[in-house]
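Chemist: Once you've had a glance at the structure underneath, I'll fire off some questions.
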Number of protein chains: 2
Amino acid sequence: MGQPSAAPVPSLALRGTLLDCVADPFFVPAAEAVRYVPDGLLVVENGHIAALGPFTDLQDPYAHLPLVDYSGHLIMPGFIDTHVHYPQTGMIAAYGAQLLEWLNQYTFPTERQFQDPSHARRIADLFLDELLKNGTTTALVFAAVFPESVEAFFEAALARNLRMISGKVLMDRHAPDYLRDTPQTGYAQSKALIEKWHGRGRLAYAVTPRFAATSTEAQLKAAAQLLDEFPDLYLHTHLSENVNEVAWIRELFPQYDGYLDVYDQTGLVRERSVFAHGVQITEAEFRRLSEAKAAISFCPTSNLFLGSGLFRLDRAKSAASPVKVGLGTDVGAGTSFSLLQTANEAYKVAQLRRQALSPFQALFLATLGGAQALCLEDKIGSFNPGNEADIIVLNPRATPLLALRNQAPITADLATVADALFSLLIMGDDRAVAATYILGQRFSP
Amino acid sequence: MGQPSAAPVPSLALRGTLLDCVADPFFVPAAEAVRYVPDGLLVVENGHIAALGPFTDLQDPYAHLPLVDYSGHLIMPGFIDTHVHYPQTGMIAAYGAQLLEWLNQYTFPTERQFQDPSHARRIADLFLDELLKNGTTTALVFAAVFPESVEAFFEAALARNLRMISGKVLMDRHAPDYLRDTPQTGYAQSKALIEKWHGRGRLAYAVTPRFAATSTEAQLKAAAQLLDEFPDLYLHTHLSENVNEVAWIRELFPQYDGYLDVYDQTGLVRERSVFAHGVQITEAEFRRLSEAKAAISFCPTSNLFLGSGLFRLDRAKSAASPVKVGLGTDVGAGTSFSLLQTANEAYKVAQLRRQALSPFQALFLATLGGAQALCLEDKIGSFNPGNEADIIVLNPRATPLLALRNQAPITADLATVADALFSLLIMGDDRAVAATYILGQRFSP
């Protein structure tokens with residue numbers, strides 16, 4: 001328990017263009033929402049942010065720390081992926097189906113393999129290295145139904161000193177025998193995992209019913225019981241992704257007033273609840289999520305790949321009843337581990353809806369917005385002093401094409417850095433991530 | 001004139017998994033449309049395809065040729081990009097506008113720079129290297145309004161022995177002064193470029209009015225006159241991309257029956273005409289394009305980036321009145337030079353319309369379908385003996401993630417190679433392109 005074993009507690013200073021969000025640019029002007037230090041110094045002490053400011057101001061006070069010079073690069077908080085399935089790492093790009101067929105045809109057979117601890121650990125290692133290579137330092141992660149799959153994931157995350165959230169899938173019906181638990185076994189296995197892992201290092205547990213169709217009412221209520229019994233657990237599930245799915249839930253739960261109401265009346269709509277997708281949700285459901293301070297994970301590459309539809313981000317961000325939103329890759333239905341590429345498609349979804357998503361709004365969704373969705377904004381998502389030093393460095397000239405595109409220096413002004421950031425969101429991938437730091441220690445795969 | 005200067009005429013044999021289209025998989029079953037040689041030999045003599053077949057059959061007859069072993073890789077015809085703007089290479093990912101504002105705000109100022117021959121040549125070189133790195137060996141390319149921009153492009157293409165099609169933009173109104181020609185100067189400049197470049201090496205000329213809004217009727221008719229005067233010219237323009245654009249054309253040309261009719265009655269709808277986008281076209285316009293044997297360039301990354309809408313590929317591919325379709329990146333409104341990534345978003349556009357785009361259909365659009373759209377199927381787009389040896393080699397295990405995804409050997413059967421191809425279309429980028437051959441000579445940037 002407590003701190004990760006043998007956690008390094010490095011101290012160092014990074015020089016470069018610092019960029020992070022301090023407020024929500026959907027609601028305040030960019031100049032207020034974004035902290036931009038053209039030639040800055042980010043000071044890390046004991047794995048946490050100690051100070052930040054202009055290089056010329058901080059250079060002398062922190063002259064005793066090792067300096068890494070990233071001039072010409074963007075230094076930003078690590079990305080936060082609010083919805084991803086680690087067992088689906090090897091099944092990205094499964095052809096030709098929409099949600100419900102896709103689950104039966106591809107997902108369930110793939111997840112079966114995660115009963116084997118060594119397979120689970122191998123994929124967990126590969127998954128986490130893929131996240132880190134792409135600049136993602138925290139994620140809310142579906143494991144599989146097998147407790148072994150959660151053990152493997154948390155072991156791999158702990159070994160890397162990561163802030164990660166995961167949980168065992170609860171699924172007691174409408175799935176193959178080999179993937180089904182029961183309300184009782186699901187509860188007991190989850191409880192054992194919570195007792196072992198929740199709060200260990202930077203790990204946290206999410207109670208994880210797959211979705212309302214694959215859990216009986218009894219299982220959903222058992223999930224709520226766990227949330228009542230342990231402090232600070234998360235609830236992580238899917239909501240209203242696809243039209244046929246929504247219709248099926250209505251058939252399965254005729255006594256409830258729609259999809260969200262099933263979760264609500266069983267006790268699962270709370271401040272630390274994260275619902276993936278929400279493509280098809282109604283105005284009343286948006287209002288209820290707002291009221292409950294629950295969050296939605298917006299997963300554009302997945303929503304396009306499965307043809308689910310276009311998430312109404314503008315509605316989620318309405319001033320009258322705003323809903324917390326983070327970005328999710330939703331690998332394996334999502335098509336990339338990169339939150340840059342995820343932002344690319346979030347922009348396209350917005351454009352198809354005749355909205356614009358600004359580069360700073362996208363940055364917010366991928367960092368501080370994700371942190372808020374996970375109630376972690378006091379720990380990650382920005383460079384506020386005291387926060388954990390999970391940091392990424394982006395190179396605006398990482399490829400010949402980006403170098404041609406980004407000739408203006410990012411130290412010039414806010415408009416120039418917005419433009420360079422936008423080009424990275426649209427054209428960038430893991431090659432643009434020059435470095436990823438975990439608690440101030442540089443990741444190398 | 002004639003052959004490119006100092007053109008190498010290499011002979012060699014490539015071993016690997018051969019995959020090309022010999023018919024249209026939108027109309028015939030995959031097994032008939034696709035030629036798949038699990039362990040094959042592709043024989044190149046004098047820069048052209050001489051033979052292909054199982055390695056065991058051809059190994060002895062061609063033992064005298066140098067052999068390159070790409071076992072485990074896919075060997076396919078080079079990709080064909082049927083719509084792209086080379087002057088916009090440096091302005092990919094320009095933020096926040098839809099079509100008409102985007103032109104004024106970003107495109108026109110960028111294209112102004114192409115009056116300078118040395119700038120034009122520098123960008124043309126970079127553009128062509130980017131295409132080749134991504135496996136694109138032929139493209140239909142917008143230059144800028146300045147003849148210098150066409151000269152620079154053709155010089156760069158000739159130096160690389162490429163089959164390329166381009167032309168000077170015609171634009172005599174609704175553009176800044178510095179970008180406008182007149183019906184007379186546009187005609188005369190185009191004519192001089194045609195006489196110098198059309199048919200030289202593998203180059204061909206496309207008469208290139210930007211779109212109906214930026215050309216007067218007189219200019220459109222002068223464009224048609226060029227098509228009458230010279231054999232085998234192309235017509236390359238934009239059509240019905242965006243709702244506001246279509247409305248504007250109706251205002252500008254009230255005497256015509258819609259957008260396509262403007263081009264049609266001025267003599268521009270022909271077999272060698274390629275219209276980019278066609279997102280908003282009507283059923284009658286689809287029928288007219290089919291009848292005229294004209295082609296559409298489907299540009300999904302651009303259509304999503306500018307929020308233009310979802311192209312009706314299923315309608316274009318209707319059996320009753322099919323329209324020829326190729327894929328276009330439409331850089332700089334498109335967001336990638338990769339036809340793999342373009343296919344990724346073509347699949348997503350289809351999914352949003354509740355259609356599926358099979359991997360072989362996507363392969364067809366990017367190769368033989370593009371060749372047919374350009375009336376070049378007797379030269380490129382497949383491995384038919386006699387065709388030009390523009391060849392690409394894709395590595396299904398190019399990244400750790402692709403290696404995990406594609407564990408089944410692509411020599412197994414057609415379903416396995418379809419699955420690996422699909423993963424490359426969804427997850428691949430230039431890193432998956434292990435080699436590009438131009439007339440049998442390997443490209444190195």
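We name chains A, B, ... following the order of the structure tokens; residues begin at 1 in each chain, and ligands are numbered from 1 as shown.
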Could you name the residues that touch Gly309 (chain A) at 9 Å or less, counting only C-alpha atoms, but leaving out those on the same chain fewer than 4 positions away, as a VMD selection string?
Modeler: (chain A and resid 241 to 243 279 to 280 300 303 to 304 349) or (chain B and resid 352)
Chemist: At a cut-off of 10 Å, using only C-alpha atoms, what residues contact Ser338 (chain A)? Leave out same-chain residues fewer than 6 positions from it and give the result as a PyMOL selection string.
Modeler: chain A and resi 79+81+130-136+328-329+331+344+425+428-430+433
Chemist: Restricting the output to N, CA and C atoms, write the selected residues as a tab-separated table (two decimals), in the first residue's frame.
Modeler:
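Saved result, selection.tsv, follows:
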chain	number	residue	atom	x	y	z
A	79	PHE	N	-1.56	13.63	-21.42
A	79	PHE	CA	-2.96	13.45	-21.85
A	79	PHE	C	-3.68	12.46	-20.94
A	81	ASP	N	-6.89	9.80	-21.03
A	81	ASP	CA	-7.81	9.03	-21.87
A	81	ASP	C	-8.93	8.52	-20.96
A	130	GLU	N	2.22	1.74	-25.21
A	130	GLU	CA	1.59	2.43	-26.34
A	130	GLU	C	0.97	3.76	-25.86
A	131	LEU	N	0.29	3.73	-24.72
A	131	LEU	CA	-0.26	4.97	-24.15
A	131	LEU	C	0.85	6.00	-23.93
A	132	LEU	N	1.93	5.56	-23.29
A	132	LEU	CA	2.99	6.50	-22.92
A	132	LEU	C	3.69	7.07	-24.15
A	133	LYS	N	3.89	6.23	-25.14
A	133	LYS	CA	4.49	6.67	-26.39
A	133	LYS	C	3.63	7.75	-27.05
A	134	ASN	N	2.33	7.65	-26.84
A	134	ASN	CA	1.39	8.63	-27.40
A	134	ASN	C	1.13	9.81	-26.47
A	135	GLY	N	1.81	9.84	-25.33
A	135	GLY	CA	1.68	10.98	-24.44
A	135	GLY	C	0.52	10.89	-23.46
A	136	THR	N	-0.09	9.74	-23.35
A	136	THR	CA	-1.19	9.55	-22.40
A	136	THR	C	-0.63	9.00	-21.10
A	328	GLY	N	-12.03	10.16	-25.04
A	328	GLY	CA	-11.66	8.75	-24.92
A	328	GLY	C	-11.23	8.21	-26.26
A	329	THR	N	-10.19	7.38	-26.26
A	329	THR	CA	-9.83	6.74	-27.53
A	329	THR	C	-10.77	5.58	-27.82
A	331	VAL	N	-10.13	2.56	-27.75
A	331	VAL	CA	-9.51	1.37	-28.36
A	331	VAL	C	-10.13	0.16	-27.70
A	344	ASN	N	-8.31	15.24	-33.60
A	344	ASN	CA	-8.54	15.43	-35.04
A	344	ASN	C	-9.99	15.06	-35.37
A	425	LEU	N	-2.72	18.64	-33.40
A	425	LEU	CA	-3.95	17.88	-33.15
A	425	LEU	C	-4.43	17.21	-34.44
A	428	GLY	N	-0.62	15.30	-36.03
A	428	GLY	CA	0.36	14.66	-35.15
A	428	GLY	C	-0.03	13.24	-34.77
A	429	ASP	N	0.97	12.47	-34.41
A	429	ASP	CA	0.74	11.15	-33.83
A	429	ASP	C	1.88	10.90	-32.86
A	430	ASP	N	2.17	9.65	-32.55
A	430	ASP	CA	3.18	9.39	-31.53
A	430	ASP	C	4.55	9.97	-31.91
A	433	VAL	N	5.37	13.18	-30.16
A	433	VAL	CA	5.61	13.16	-28.71
A	433	VAL	C	7.09	12.90	-28.48
Chemist: Just the residues within 8 Å of region 25-36 of chain B, please, counting only C-alpha atoms, with nothing from its chain fewer than 3 positions along; format it as number ranges by chain.
Modeler: B: 17-22, 317, 319, 360-361, 364, 414
Chemist: Chain B residues within 10 Å of chain A, counting only C-alpha atoms: which ones, as a ChimeraX atom specification?
Modeler: /B:88-98,123,126-127,130,301-310,335-337,344-345,347-359,400-407,418-420,422-427
Chemist: Please identify all polymer residues within 12 Å of Lys221 (chain A), counting only C-alpha atoms, omitting same-chain residues fewer than 2 positions from it, and present them as a PyMOL selection string.
Modeler: chain A and resi 170+183-184+186-187+207+209+212+215-219+223-228+262-269
Chemist: By how many Å are CA of Ser321 (chain A) and CA of Ala295 (chain A) apart?
Modeler: 12.4 Å
Chemist: Could you find all residues in region 105-193 of chain B that DSSP calls strand (DSSP E) from the backbone, and write them as a PyMOL selection string?
Modeler: chain B and resi 136-142+163-167+169-170
Chemist: Could you give me the residues within region 173-371 of chain A that DSSP places in helix (DSSP H, G or I), as a PyMOL selection string?
Modeler: chain A and resi 177-179+183-197+212-214+217-229+243-252+259-265+283-292+300-305+313-316+339-352+359-366+368-371
